[in-house]
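In what follows, a structure is listed as structure tokens, so that the remarks can point back to it.
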Amino acid sequence: MAVNENGMTIVNGNQKRNPQLDDVITVMGEASALAQNLKQVITSPIRFFQTDQKMYIKSEGKLCLGILKIGRKNLFHRDLNGVIKEIQPMCVLDFYVHESVQRKGIGKELFEEMLRQETLRPEKLGYDRPSPKLLGFLKKYYNLQNYIPQNNNYVVYSQYFFDNRPTNVSQQQFAQQNHQQSQNPQLVNQQVQQQRVQPQQTPQKMDQLDQMMQQMSLDSKQQYQSYQKGKAQPPWATDQKQYQNMYQTTTGMMSAQIHKR
């Protein structure tokens, strides 16, 4: 079988079958069922091919050392309060390393290769009927141990329902800024200083102020024109000179404020 740089062969369930690969899957599937004391074989060519499952195979030369089969499943998970939630996690369906090469890190290599290829984290997986060895493996290397037993025998760890990664654009930008600052804090400080030096532009506020000043000027002119028309009014009417001074004073104040802005 063709292997990648890590000595792994990745087989998809929708690819064409061949007799040699069928033999490998058959023998390893039967050995896995025997090692886990399963009542029936869960990995076989018939159960694997023509599905959306995927299998990672570790081999050296003509020797197959271990297999790891995954596939997405639709599960109903019940929490401690009895609330049922429907989830669709990627699941580890079978995981077996041959007894002759156990405790040599091969299982860890298989599992890490799968995580890397699928861009997943261990707590985001479901585990179908995990053996005590697999539970111990997950506890030892990934500190996974808290879960609620389910009727379907799938183990979904509590961490599956908690995700601290950024979920929106602003959070992603914030995370990127933090990463950038940790990598080059001097550059980030320079950018912050440049942002502080740049003056804040408020064109909208300036436009509003200008409109307000123009309205005040117009009102003053209208008041003065009204006086000119009604200067024949009784003596108690405001003096013409007073109106003229008020108009000039208001106009001067507005001009000074606009110039200041």
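Following the order of the structure tokens, chains are lettered A, B, ..., residues in each are numbered from 1, and ligands are numbered from 1.
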(message) Residues near stretch 15-18 of chain A, anyone? I mean within 12 Å using only C-alpha atoms, not counting same-chain ones fewer than 2 positions away, as a list of chain:residue names.
(response) A:Met1, A:Ile10, A:Val11, A:Asn12, A:Gly13, A:Gln20, A:Leu21, A:Asp22, A:Asp23, A:Val24, A:Ile25, A:Ser44, A:Pro45, A:Ile46, A:Phe48, A:Phe49, A:Gln50, A:Thr51, A:Asp52, A:Gln53, A:Lys54, A:Met55
(message) I want to know what sits within 6 Å of stretch 84-95 of chain A, based on only C-alpha atoms, with residues of the same chain fewer than 5 positions away left out; could you give that as a PyMOL selection string?
(response) chain A and resi 67-78+125-128
(message) As an exercise, work out the distance from atom CA of A:Val101 to atom CA of A:Lys58 in Å and give it to one decimal place.
(response)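 Between atom CA of A:Val101 and atom CA of A:Lys58 the gap is 11.2 Å.
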(message) Between A:Arg129, A:Leu144, A:Lys124, A:Glu109, which residue has the minimum interatomic distance to A:Phe161, considering only C-alpha atoms?
(response) A:Lys124
Residue contacts of A:Asn4 (12 Å, only C-alpha atoms) excluding same-chain residues fewer than 5 positions away, as a PDB file with all heavy atoms, in the first residue's frame:
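Saved file around-v6.pdb follows:
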ATOM      1  N   THR A   9      -1.384   4.939   5.536  1.00  0.00           N
ATOM      2  CA  THR A   9      -2.232   4.799   4.362  1.00  0.00           C
ATOM      3  C   THR A   9      -3.640   5.221   4.740  1.00  0.00           C
ATOM      4  O   THR A   9      -4.175   4.762   5.750  1.00  0.00           O
ATOM      5  CB  THR A   9      -2.250   3.351   3.861  1.00  0.00           C
ATOM      6  OG1 THR A   9      -0.921   2.950   3.529  1.00  0.00           O
ATOM      7  CG2 THR A   9      -3.136   3.214   2.624  1.00  0.00           C
ATOM      8  N   ILE A  10      -4.230   6.117   3.973  1.00  0.00           N
ATOM      9  CA  ILE A  10      -5.581   6.603   4.241  1.00  0.00           C
ATOM     10  C   ILE A  10      -6.500   6.041   3.166  1.00  0.00           C
ATOM     11  O   ILE A  10      -6.310   6.300   1.976  1.00  0.00           O
ATOM     12  CB  ILE A  10      -5.631   8.137   4.259  1.00  0.00           C
ATOM     13  CG1 ILE A  10      -4.625   8.688   5.269  1.00  0.00           C
ATOM     14  CG2 ILE A  10      -7.036   8.623   4.580  1.00  0.00           C
ATOM     15  CD1 ILE A  10      -4.504  10.200   5.274  1.00  0.00           C
ATOM     16  N   VAL A  11      -7.489   5.270   3.597  1.00  0.00           N
ATOM     17  CA  VAL A  11      -8.400   4.601   2.679  1.00  0.00           C
ATOM     18  C   VAL A  11      -9.797   5.161   2.888  1.00  0.00           C
ATOM     19  O   VAL A  11     -10.281   5.232   4.027  1.00  0.00           O
ATOM     20  CB  VAL A  11      -8.407   3.074   2.915  1.00  0.00           C
ATOM     21  CG1 VAL A  11      -9.321   2.390   1.902  1.00  0.00           C
ATOM     22  CG2 VAL A  11      -6.994   2.520   2.831  1.00  0.00           C
ATOM     23  N   TYR A  56      -7.506   4.773   8.664  1.00  0.00           N
ATOM     24  CA  TYR A  56      -6.070   5.055   8.714  1.00  0.00           C
ATOM     25  C   TYR A  56      -5.359   3.749   9.055  1.00  0.00           C
ATOM     26  O   TYR A  56      -5.692   3.083  10.042  1.00  0.00           O
ATOM     27  CB  TYR A  56      -5.774   6.124   9.759  1.00  0.00           C
ATOM     28  CG  TYR A  56      -6.253   7.500   9.361  1.00  0.00           C
ATOM     29  CD1 TYR A  56      -7.591   7.857   9.493  1.00  0.00           C
ATOM     30  CD2 TYR A  56      -5.369   8.440   8.833  1.00  0.00           C
ATOM     31  CE1 TYR A  56      -8.042   9.116   9.120  1.00  0.00           C
ATOM     32  CE2 TYR A  56      -5.806   9.701   8.457  1.00  0.00           C
ATOM     33  CZ  TYR A  56      -7.140  10.035   8.604  1.00  0.00           C
ATOM     34  OH  TYR A  56      -7.584  11.276   8.226  1.00  0.00           O
ATOM     35  N   ILE A  57      -4.372   3.392   8.237  1.00  0.00           N
ATOM     36  CA  ILE A  57      -3.659   2.135   8.405  1.00  0.00           C
ATOM     37  C   ILE A  57      -2.166   2.428   8.580  1.00  0.00           C
ATOM     38  O   ILE A  57      -1.564   3.130   7.769  1.00  0.00           O
ATOM     39  CB  ILE A  57      -3.867   1.205   7.189  1.00  0.00           C
ATOM     40  CG1 ILE A  57      -5.358   0.919   6.991  1.00  0.00           C
ATOM     41  CG2 ILE A  57      -3.088  -0.096   7.354  1.00  0.00           C
ATOM     42  CD1 ILE A  57      -5.661   0.104   5.739  1.00  0.00           C
ATOM     43  N   LYS A  58      -1.593   1.883   9.646  1.00  0.00           N
ATOM     44  CA  LYS A  58      -0.159   2.005   9.893  1.00  0.00           C
ATOM     45  C   LYS A  58       0.514   0.705   9.491  1.00  0.00           C
ATOM     46  O   LYS A  58       0.119  -0.377   9.951  1.00  0.00           O
ATOM     47  CB  LYS A  58       0.094   2.292  11.375  1.00  0.00           C
ATOM     48  CG  LYS A  58       1.558   2.285  11.782  1.00  0.00           C
ATOM     49  CD  LYS A  58       2.344   3.430  11.160  1.00  0.00           C
ATOM     50  CE  LYS A  58       3.778   3.439  11.686  1.00  0.00           C
ATOM     51  NZ  LYS A  58       4.586   4.527  11.070  1.00  0.00           N
ATOM     52  N   SER A  59       1.509   0.804   8.618  1.00  0.00           N
ATOM     53  CA  SER A  59       2.184  -0.403   8.142  1.00  0.00           C
ATOM     54  C   SER A  59       3.677  -0.159   8.029  1.00  0.00           C
ATOM     55  O   SER A  59       4.144   0.984   7.917  1.00  0.00           O
ATOM     56  CB  SER A  59       1.615  -0.838   6.789  1.00  0.00           C
ATOM     57  OG  SER A  59       1.811   0.175   5.817  1.00  0.00           O
ATOM     58  N   GLU A  60       4.417  -1.272   8.040  1.00  0.00           N
ATOM     59  CA  GLU A  60       5.859  -1.265   7.795  1.00  0.00           C
ATOM     60  C   GLU A  60       6.161  -2.398   6.837  1.00  0.00           C
ATOM     61  O   GLU A  60       6.044  -3.578   7.207  1.00  0.00           O
ATOM     62  CB  GLU A  60       6.641  -1.427   9.098  1.00  0.00           C
ATOM     63  CG  GLU A  60       6.625  -0.210   9.996  1.00  0.00           C
ATOM     64  CD  GLU A  60       7.489  -0.413  11.232  1.00  0.00           C
ATOM     65  OE1 GLU A  60       8.067  -1.519  11.371  1.00  0.00           O
ATOM     66  OE2 GLU A  60       7.572   0.519  12.054  1.00  0.00           O
ATOM     67  N   GLU A 113      -2.176  11.315  13.611  1.00  0.00           N
ATOM     68  CA  GLU A 113      -2.285  11.498  12.158  1.00  0.00           C
ATOM     69  C   GLU A 113      -3.731  11.779  11.762  1.00  0.00           C
ATOM     70  O   GLU A 113      -4.005  12.637  10.915  1.00  0.00           O
ATOM     71  CB  GLU A 113      -1.772  10.266  11.434  1.00  0.00           C
ATOM     72  CG  GLU A 113      -1.820  10.350   9.920  1.00  0.00           C
ATOM     73  CD  GLU A 113      -0.797  11.316   9.345  1.00  0.00           C
ATOM     74  OE1 GLU A 113       0.077  11.786  10.095  1.00  0.00           O
ATOM     75  OE2 GLU A 113      -0.879  11.595   8.133  1.00  0.00           O
ATOM     76  N   GLN A 117      -4.997  15.194   9.944  1.00  0.00           N
ATOM     77  CA  GLN A 117      -5.633  15.149   8.632  1.00  0.00           C
ATOM     78  C   GLN A 117      -7.057  15.694   8.662  1.00  0.00           C
ATOM     79  O   GLN A 117      -7.497  16.362   7.732  1.00  0.00           O
ATOM     80  CB  GLN A 117      -5.643  13.707   8.096  1.00  0.00           C
ATOM     81  CG  GLN A 117      -4.269  13.142   7.788  1.00  0.00           C
ATOM     82  CD  GLN A 117      -3.661  13.725   6.530  1.00  0.00           C
ATOM     83  OE1 GLN A 117      -4.349  14.332   5.706  1.00  0.00           O
ATOM     84  NE2 GLN A 117      -2.363  13.553   6.365  1.00  0.00           N
TER      85      GLN A 117
END
(request) Skip A:Glu30 itself and residues of its chain fewer than 3 positions away, then list as a list in words all residues within 10 Å of it, counting only C-alpha atoms. (result) Ile25, Thr26, Val27, Ala33, Leu34, Ala35, Leu38, Gln40, Val41, Ile42, Thr43 and Ser44 of chain A
Fewer than 5 positions away in the same chain doesn't count, so skip those; otherwise give me all residues within 12 Å of A:Tyr147, counting only C-alpha atoms, as a PDB file with N, CA and C atoms, in the first residue's frame.
ATOM      1  N   HIS A  77     -27.917  12.607  22.415  1.00  0.00           N
ATOM      2  CA  HIS A  77     -27.166  12.636  23.670  1.00  0.00           C
ATOM      3  C   HIS A  77     -28.044  13.189  24.779  1.00  0.00           C
ATOM      4  N   ARG A  78     -28.093  12.461  25.910  1.00  0.00           N
ATOM      5  CA  ARG A  78     -28.888  12.885  27.057  1.00  0.00           C
ATOM      6  C   ARG A  78     -27.953  13.429  28.145  1.00  0.00           C
ATOM      7  N   ASP A  79     -28.243  14.646  28.643  1.00  0.00           N
ATOM      8  CA  ASP A  79     -27.406  15.230  29.681  1.00  0.00           C
ATOM      9  C   ASP A  79     -27.919  14.835  31.062  1.00  0.00           C
ATOM     10  N   LEU A  80     -27.307  15.399  32.110  1.00  0.00           N
ATOM     11  CA  LEU A  80     -27.667  15.030  33.476  1.00  0.00           C
ATOM     12  C   LEU A  80     -29.089  15.428  33.835  1.00  0.00           C
ATOM     13  N   GLU A 123     -11.510  15.954  22.030  1.00  0.00           N
ATOM     14  CA  GLU A 123     -12.776  16.150  22.728  1.00  0.00           C
ATOM     15  C   GLU A 123     -13.937  16.407  21.789  1.00  0.00           C
ATOM     16  N   GLY A 126     -16.706  11.557  18.883  1.00  0.00           N
ATOM     17  CA  GLY A 126     -17.470  10.559  19.612  1.00  0.00           C
ATOM     18  C   GLY A 126     -16.733   9.234  19.526  1.00  0.00           C
ATOM     19  N   TYR A 127     -16.957   8.343  20.492  1.00  0.00           N
ATOM     20  CA  TYR A 127     -16.232   7.078  20.541  1.00  0.00           C
ATOM     21  C   TYR A 127     -17.239   5.935  20.689  1.00  0.00           C
ATOM     22  N   LEU A 135     -10.137   4.197  26.650  1.00  0.00           N
ATOM     23  CA  LEU A 135     -10.470   5.193  27.669  1.00  0.00           C
ATOM     24  C   LEU A 135      -9.227   5.620  28.436  1.00  0.00           C
ATOM     25  N   LYS A 139      -7.435   9.386  28.487  1.00  0.00           N
ATOM     26  CA  LYS A 139      -7.186  10.046  29.765  1.00  0.00           C
ATOM     27  C   LYS A 139      -5.704  10.392  29.929  1.00  0.00           C
ATOM     28  N   ASN A 153     -24.221   3.510  23.816  1.00  0.00           N
ATOM     29  CA  ASN A 153     -22.851   3.060  24.079  1.00  0.00           C
ATOM     30  C   ASN A 153     -21.784   3.943  23.431  1.00  0.00           C
ATOM     31  N   TYR A 154     -22.173   5.098  22.931  1.00  0.00           N
ATOM     32  CA  TYR A 154     -21.194   6.063  22.437  1.00  0.00           C
ATOM     33  C   TYR A 154     -20.743   6.946  23.597  1.00  0.00           C
ATOM     34  N   VAL A 155     -19.462   7.216  23.639  1.00  0.00           N
ATOM     35  CA  VAL A 155     -18.915   8.125  24.641  1.00  0.00           C
ATOM     36  C   VAL A 155     -18.664   9.479  23.992  1.00  0.00           C
ATOM     37  N   VAL A 156     -19.306  10.504  24.535  1.00  0.00           N
ATOM     38  CA  VAL A 156     -19.080  11.886  24.103  1.00  0.00           C
ATOM     39  C   VAL A 156     -18.659  12.658  25.344  1.00  0.00           C
ATOM     40  N   TYR A 157     -17.439  13.136  25.356  1.00  0.00           N
ATOM     41  CA  TYR A 157     -16.909  13.802  26.537  1.00  0.00           C
ATOM     42  C   TYR A 157     -17.567  15.161  26.742  1.00  0.00           C
ATOM     43  N   SER A 158     -17.593  15.583  28.009  1.00  0.00           N
ATOM     44  CA  SER A 158     -18.273  16.835  28.361  1.00  0.00           C
ATOM     45  C   SER A 158     -17.684  18.013  27.616  1.00  0.00           C
ATOM     46  N   GLN A 159     -16.371  17.959  27.327  1.00  0.00           N
ATOM     47  CA  GLN A 159     -15.728  19.076  26.631  1.00  0.00           C
ATOM     48  C   GLN A 159     -16.254  19.265  25.213  1.00  0.00           C
ATOM     49  N   TYR A 160     -16.941  18.269  24.691  1.00  0.00           N
ATOM     50  CA  TYR A 160     -17.502  18.400  23.338  1.00  0.00           C
ATOM     51  C   TYR A 160     -18.458  19.575  23.246  1.00  0.00           C
ATOM     52  N   PHE A 161     -19.157  19.865  24.336  1.00  0.00           N
ATOM     53  CA  PHE A 161     -20.195  20.891  24.325  1.00  0.00           C
ATOM     54  C   PHE A 161     -19.668  22.268  24.728  1.00  0.00           C
TER      55      PHE A 161
END
(request) Choose the residue, out of A:Lys133, A:Leu65, A:Gln150, A:Asn81, that has the smallest atom-to-atom separation from A:Ser100; count only C-alpha atoms. (result)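 Between A:Lys133, A:Leu65, A:Gln150, A:Asn81, the residue approaching A:Ser100 most closely is A:Leu65.
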(message) So the first atom is atom CA of A:Lys108 and the second is atom CA of A:Leu138; what is the distance between them in Å, to one decimal place?
(response) 9.9 Å
(message) So the first atom is atom CA of A:Asn146 and the second is atom CA of A:Pro130; what is the distance between them in Å, to one decimal place?
(response) 13.8 Å
